[in-house]
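Student: Let me begin by handing over the structure; questions about it come next.
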Amino acid sequence: MKRNWINPDVLVIGAGMAGLSAARSLASLGVQVLLLESQKRVGGRVHTLRAKGEIIELGAEFIHGLPPELVALVREAGLELMERSGATMHSHDGALIVDDDTDDQKGPFDLLEQLKEFRGGDLSFAEFLDVNQVPLDERSAVIGFVEGFNAADQHVISARALGLQQKAEQETEGDRSFHVLGGYDQLPDYLARQLEELGGQVRLDTRVDRIEWQPNRVVLQTNQGTFTASKVVITLPLGVLQSGRVEFHPKLPQAVSDVLARRGPVRSGKAVRFTLIFREPFWQTLSPQPEMGELSFLINGEAVPPVWWTSLPEKSNALTGWIGGPRAERFAGWSAEALAELGCDTLAGTFHLESTRIRSMLIGCYTHDWSADPHAQGAYSYIAKGGLEAPGVLSQPVADTLYFAGEHTATDGHWGTVHAALASGLRAAGQISASMSDRANTNPATAR
Ligand SMILES: Cc1cc2nc3c(=O)[nH]c(=O)nc-3n(C[C@H](O)[C@H](O)[C@H](O)COP(=O)(O)OP(=O)(O)OC[C@H]3O[C@@H](n4cnc5c(N)ncnc54)[C@H](O)[C@@H]3O)c2cc1C
């Protein structure tokens, strides 16, 4: 039965995967929940576009390994996972070389394995390379990987956090990757439908500007009026929290605001991704064969973008370019047209084709500027040197009233991912339900 909650028990801010999973979980326990979202759509940094006959992910695309909560949700929603396959190629000295796990590329990546055993005082990844006297010629591939994958700066990102991430990924078969067949946005859409079926409500286009709080009471000031409840789940992205656009009154406890400082222990990473759509998948006929026919990833650390991928094993005419970490800063604010020019020039150099020929086959370029987006203000988070304990601070409720969730609150090494966001929402819902049942037990008058 659908009800209109004028005074919900719990307010949730943000309809990304964290907010939706928290709200759905609470609604399934019979809690009256109202979710407020500033945009006109749900999904947050899961943002799928359909154009030119293609499914284009502007935000998250890959499911790294088989994280149990996410896999369970995909199954529950009746969706299908498609495992990525195909060849990884490197462009080196003008030649395209097929990646082989037994070749020298393995050397640098052994370093990431060593991080799992890293003990002692924390170091940045750059310092870790120095301390371990990694030869300069072995560094660029692994730095490119760490910065690209984590949208992070090698001089800032924590070596201990990278070690924990490696372990976490190993536990969930993180060397395999998947995507949701038919588009990632089907998951947040499913959660939003479920939430409403369970009697919860989503209010789109409702931007929270101010959070007034005291133990067991919150008042949210928004562009659509004021909302009150006894508890709130705050899934605002780290970049939004750091910007100070949303005011807290009274101010957050010092330990929490220290974690949310702009140059604090958890950083908002930078990434630029753009998808080029061509008339046909022209690269599939280039040499060497058969590998180019089944190209999955193409890596050229010297070029920009340094990483490209196809949609294999799905048929598609798209190539997606990725720039992560400090290199991405230069391209923030670039239009789709400018990125398309850059991409065609880079592909021309890599494939030894005329740039004009590549441009003549291009029919579209799609991108989203996550750093400039006021609803995100960054791509995804990473842990700075010495900051490994910081997400733990965010994962603890404040005065049993403010519950932070979102990818940046993960404590298990999975930060920066959709599955971390999903798990954090479930964690916050569990904390609230435990707190509500404690209160009901100690004060039966509050029980419903
Ligand atoms: C380019 C890119 C590629 C990525 N690739 C991958 C990938 O391949 N695999 C992977 O696992 N992860 C990937 N990620 C990360 C992943 O998208 C995020 O970790 C995850 O979606 C975050 O979910 P969330 O719920 O924590 O935050 P969000 O999805 O950002 O949700 C927060 C919500 O809060 C809303 N909001 C903001 N301000 C306000 C306000 N004032 N009032 C009300 N609502 C507000 C926002 O509109 C948003 O809907 C990628 C991210 C980006 C940007």
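Within each chain, counting starts at residue 1; across the structure tokens, chains are named A, B, ... in the order shown, with ligands numbered 1 upward in that order.
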Could you pull out all residues of range 170-304 of chain A with a DSSP call of strand (DSSP E) and give them as number ranges by chain?

Tutor: A: 177-180, 201-203, 208-214, 217-222, 225-229, 231-234, 247-249, 266-268, 271-278, 295-299

Student: With a distance cut-off of 12 Å and only C-alpha atoms, select the neighbouring residues of His414 in chain A, excluding the residue or stretch itself and same-chain residues fewer than 4 positions from it, and output the selection as a VMD selection string.

Tutor: chain A and resid 63 to 65 67 150 161 to 172 174 380 to 383 391 406 to 410 418 to 424

Student: How would you write, as a VMD selection string, the set of residues no farther than 7 Å from ligand 1 when counting only C-alpha atoms and all ligand atoms?

Tutor: chain A and resid 13 to 19 36 to 39 42 to 46 58 to 64 206 to 209 235 to 237 240 246 271 to 273 370 374 to 376 378 to 380 405 to 408 415 to 421

Student: Counting only C-alpha atoms, which residues in range 280-326 of chain A sit no more than 12 Å from range 69-88 of chain A? For each one, give the nearest pair of atoms and the distance in Å, sorted by chain then residue number, as a tab-separated table.

Tutor:
```
residue	atom	partner	partner_atom	distance
A:Gln284	CA	A:Ala87	CA	11.4
A:Pro288	CA	A:Ala87	CA	11.1
A:Gln289	CA	A:Ala87	CA	10.7
A:Pro290	CA	A:Ala87	CA	9.3
A:Glu291	CA	A:Ala87	CA	5.8
A:Met292	CA	A:Ala87	CA	7.5
A:Gly293	CA	A:Ala87	CA	8.7
A:Glu294	CA	A:Gly86	CA	5.1
A:Leu295	CA	A:Ala87	CA	4.9
A:Ser296	CA	A:Gly86	CA	4.9
A:Phe297	CA	A:Thr88	CA	4.6
A:Leu298	CA	A:Thr88	CA	5.9
A:Ile299	CA	A:Thr88	CA	7.7
A:Asn300	CA	A:Thr88	CA	11.1
A:Val307	CA	A:Thr88	CA	10.5
A:Trp308	CA	A:Thr88	CA	9.9
A:Trp309	CA	A:Thr88	CA	8.9
A:Thr310	CA	A:Gly86	CA	9.2
A:Ser311	CA	A:Arg84	CA	7.7
A:Leu312	CA	A:Ser85	CA	6.1
A:Pro313	CA	A:Ser85	CA	5.9
A:Glu314	CA	A:Met82	CA	8.4
A:Lys315	CA	A:Arg84	CA	12.0
```

Student: Which one is closest to Glu173 in chain A: A:Leu260, A:Glu117, A:Leu112, A:Leu66? Count only C-alpha atoms.

Tutor: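 Using only C-alpha atoms, the shortest distance to Glu173 in chain A belongs to A:Leu66.
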
Student: With only C-alpha atoms as the basis for distance, which of A:Ala318, A:Val233, A:Ile56, A:Leu347 is at the shortest distance from Val304 in chain A?

Tutor: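 Closest residue, counting only C-alpha atoms: A:Leu347.
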
Student: Could you jot down the CA of Gln114 in chain A to CA of Phe128 in chain A separation for me, Å, one decimal place?

Tutor: 10.5 Å

Student: Calculated over only C-alpha atoms, which of the candidates A:Asp122, A:Pro8, A:Ala384, A:Thr350 has the smallest distance to Ser287 in chain A?

Tutor: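 Nearest candidate to Ser287 in chain A out of A:Asp122, A:Pro8, A:Ala384, A:Thr350: A:Thr350.
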
Student: From the options A:Pro326, A:Gly182, A:Gly148, A:Pro188, which residue's atoms come nearest to Leu49 in chain A, counting only C-alpha atoms?

Tutor: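 For Leu49 in chain A, the nearest of the candidates is A:Gly182.
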
Student: Might you pull out every residue within 8 Å of Gly392 in chain A, with only C-alpha atoms counted and same-chain residues fewer than 2 positions away left off, and present them as a short mmCIF file (atom, residue, chain, number, x, y, z; two decimals) with N, CA and C atoms, in the first residue's frame?

Tutor:
```
data_model
loop_
_atom_site.label_atom_id
_atom_site.label_comp_id
_atom_site.auth_asym_id
_atom_site.auth_seq_id
_atom_site.Cartn_x
_atom_site.Cartn_y
_atom_site.Cartn_z
N GLU A 389 42.09 4.48 8.71
CA GLU A 389 41.03 4.36 9.73
C GLU A 389 39.88 5.34 9.48
N ALA A 390 40.07 6.29 8.56
CA ALA A 390 39.08 7.38 8.42
C ALA A 390 37.68 6.92 8.03
N LEU A 394 33.49 7.56 9.68
CA LEU A 394 32.24 7.90 8.99
C LEU A 394 31.18 6.81 9.13
N SER A 395 31.63 5.58 9.34
CA SER A 395 30.65 4.49 9.38
C SER A 395 29.98 4.37 10.77
N GLN A 396 30.44 5.19 11.73
CA GLN A 396 29.80 5.18 13.06
C GLN A 396 28.74 6.27 13.12
N THR A 409 32.52 5.49 2.64
CA THR A 409 32.46 5.06 4.04
C THR A 409 32.83 3.58 4.20
N ALA A 410 33.27 2.95 3.11
CA ALA A 410 33.62 1.51 3.18
C ALA A 410 34.86 1.31 4.04
N THR A 411 34.85 0.27 4.85
CA THR A 411 35.99 0.00 5.73
C THR A 411 36.74 -1.27 5.32
#
```

Student: Which of range 241-331 of chain A end up as helix (DSSP H, G or I) when DSSP is run on this backbone - answer as a tab-separated table (two decimals) with N, CA and C atoms, in the first residue's frame?

Tutor:
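Wrote out_23.tsv, looks like this:
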```
chain	number	residue	atom	x	y	z
A	241	LEU	N	30.17	16.68	0.28
A	241	LEU	CA	30.37	16.92	1.71
A	241	LEU	C	31.58	17.84	1.93
A	242	GLN	N	32.64	17.61	1.15
A	242	GLN	CA	33.86	18.41	1.33
A	242	GLN	C	33.65	19.86	0.90
A	243	SER	N	32.74	20.06	-0.06
A	243	SER	CA	32.56	21.41	-0.61
A	243	SER	C	31.87	22.35	0.38
A	254	GLN	N	34.25	17.16	15.69
A	254	GLN	CA	35.56	17.42	15.09
A	254	GLN	C	36.12	16.20	14.34
A	255	ALA	N	35.97	15.00	14.96
A	255	ALA	CA	36.56	13.80	14.33
A	255	ALA	C	35.95	13.57	12.95
A	256	VAL	N	34.66	13.85	12.81
A	256	VAL	CA	33.99	13.64	11.52
A	256	VAL	C	34.40	14.74	10.54
A	257	SER	N	34.40	15.99	11.00
A	257	SER	CA	34.76	17.05	10.05
A	257	SER	C	36.23	16.94	9.64
A	258	ASP	N	37.08	16.39	10.50
A	258	ASP	CA	38.48	16.17	10.08
A	258	ASP	C	38.54	15.19	8.91
A	259	VAL	N	37.72	14.14	8.99
A	259	VAL	CA	37.71	13.15	7.89
A	259	VAL	C	37.18	13.78	6.61
A	282	PHE	N	35.84	-0.69	-36.62
A	282	PHE	CA	36.92	-0.77	-37.63
A	282	PHE	C	38.19	-1.44	-37.09
A	283	TRP	N	38.44	-1.30	-35.76
A	283	TRP	CA	39.67	-1.86	-35.17
A	283	TRP	C	39.71	-3.38	-35.27
A	284	GLN	N	38.52	-3.98	-35.40
A	284	GLN	CA	38.47	-5.45	-35.39
A	284	GLN	C	39.15	-6.09	-36.60
A	285	THR	N	39.36	-5.28	-37.65
A	285	THR	CA	39.99	-5.85	-38.85
A	285	THR	C	41.48	-5.52	-38.94
A	291	GLU	N	43.89	-11.27	-32.48
A	291	GLU	CA	43.69	-10.52	-31.23
A	291	GLU	C	42.88	-9.24	-31.42
A	292	MET	N	43.19	-8.47	-32.52
A	292	MET	CA	42.43	-7.22	-32.69
A	292	MET	C	40.95	-7.50	-32.94
A	293	GLY	N	40.67	-8.66	-33.47
A	293	GLY	CA	39.27	-9.04	-33.70
A	293	GLY	C	38.52	-9.25	-32.39
A	294	GLU	N	39.31	-9.51	-31.33
A	294	GLU	CA	38.66	-9.71	-30.03
A	294	GLU	C	39.24	-8.77	-28.98
A	326	PRO	N	45.79	12.26	-11.51
A	326	PRO	CA	46.19	13.65	-11.78
A	326	PRO	C	46.11	14.02	-13.26
A	327	ARG	N	46.36	13.04	-14.14
A	327	ARG	CA	46.32	13.35	-15.58
A	327	ARG	C	44.94	13.83	-16.02
A	328	ALA	N	43.91	13.38	-15.26
A	328	ALA	CA	42.53	13.72	-15.64
A	328	ALA	C	42.23	15.20	-15.41
A	329	GLU	N	42.98	15.81	-14.47
A	329	GLU	CA	42.67	17.20	-14.11
A	329	GLU	C	42.70	18.13	-15.32
```

Student: Gly301 in chain A: which residues within 8 Å, counting only C-alpha atoms, same-chain residues fewer than 4 positions away excluded, as a PyMOL selection string?

Tutor: chain A and resi 140-141+144+306-307

Student: One decimal, Å: what's the distance from CA of Thr222 in chain A over to CA of Ala23 in chain A, could you say?

Tutor: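 Going from CA of Thr222 in chain A over to CA of Ala23 in chain A, I get 18.8 Å.
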
Student: Would you compute the distance between CA of Val219 in chain A and CA of Lys231 in chain A? Give it in Å to one decimal.

Tutor: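 So the two atoms, CA of Val219 in chain A and CA of Lys231 in chain A, lie 9.4 Å apart.
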
Student: Just checking: using only C-alpha atoms, which residue out of A:Gln32, A:Ser21, A:Leu115, A:Ser335 ends up closest to Ala192 in chain A?

Tutor: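 Going through A:Gln32, A:Ser21, A:Leu115, A:Ser335 one by one, the smallest distance to Ala192 in chain A is for A:Ser21.
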
Student: I'd like to know which of A:Glu147, A:Asp400, A:Arg203, A:Pro265 is closest to Asp438 in chain A, using only C-alpha atoms.

Tutor: A:Asp400
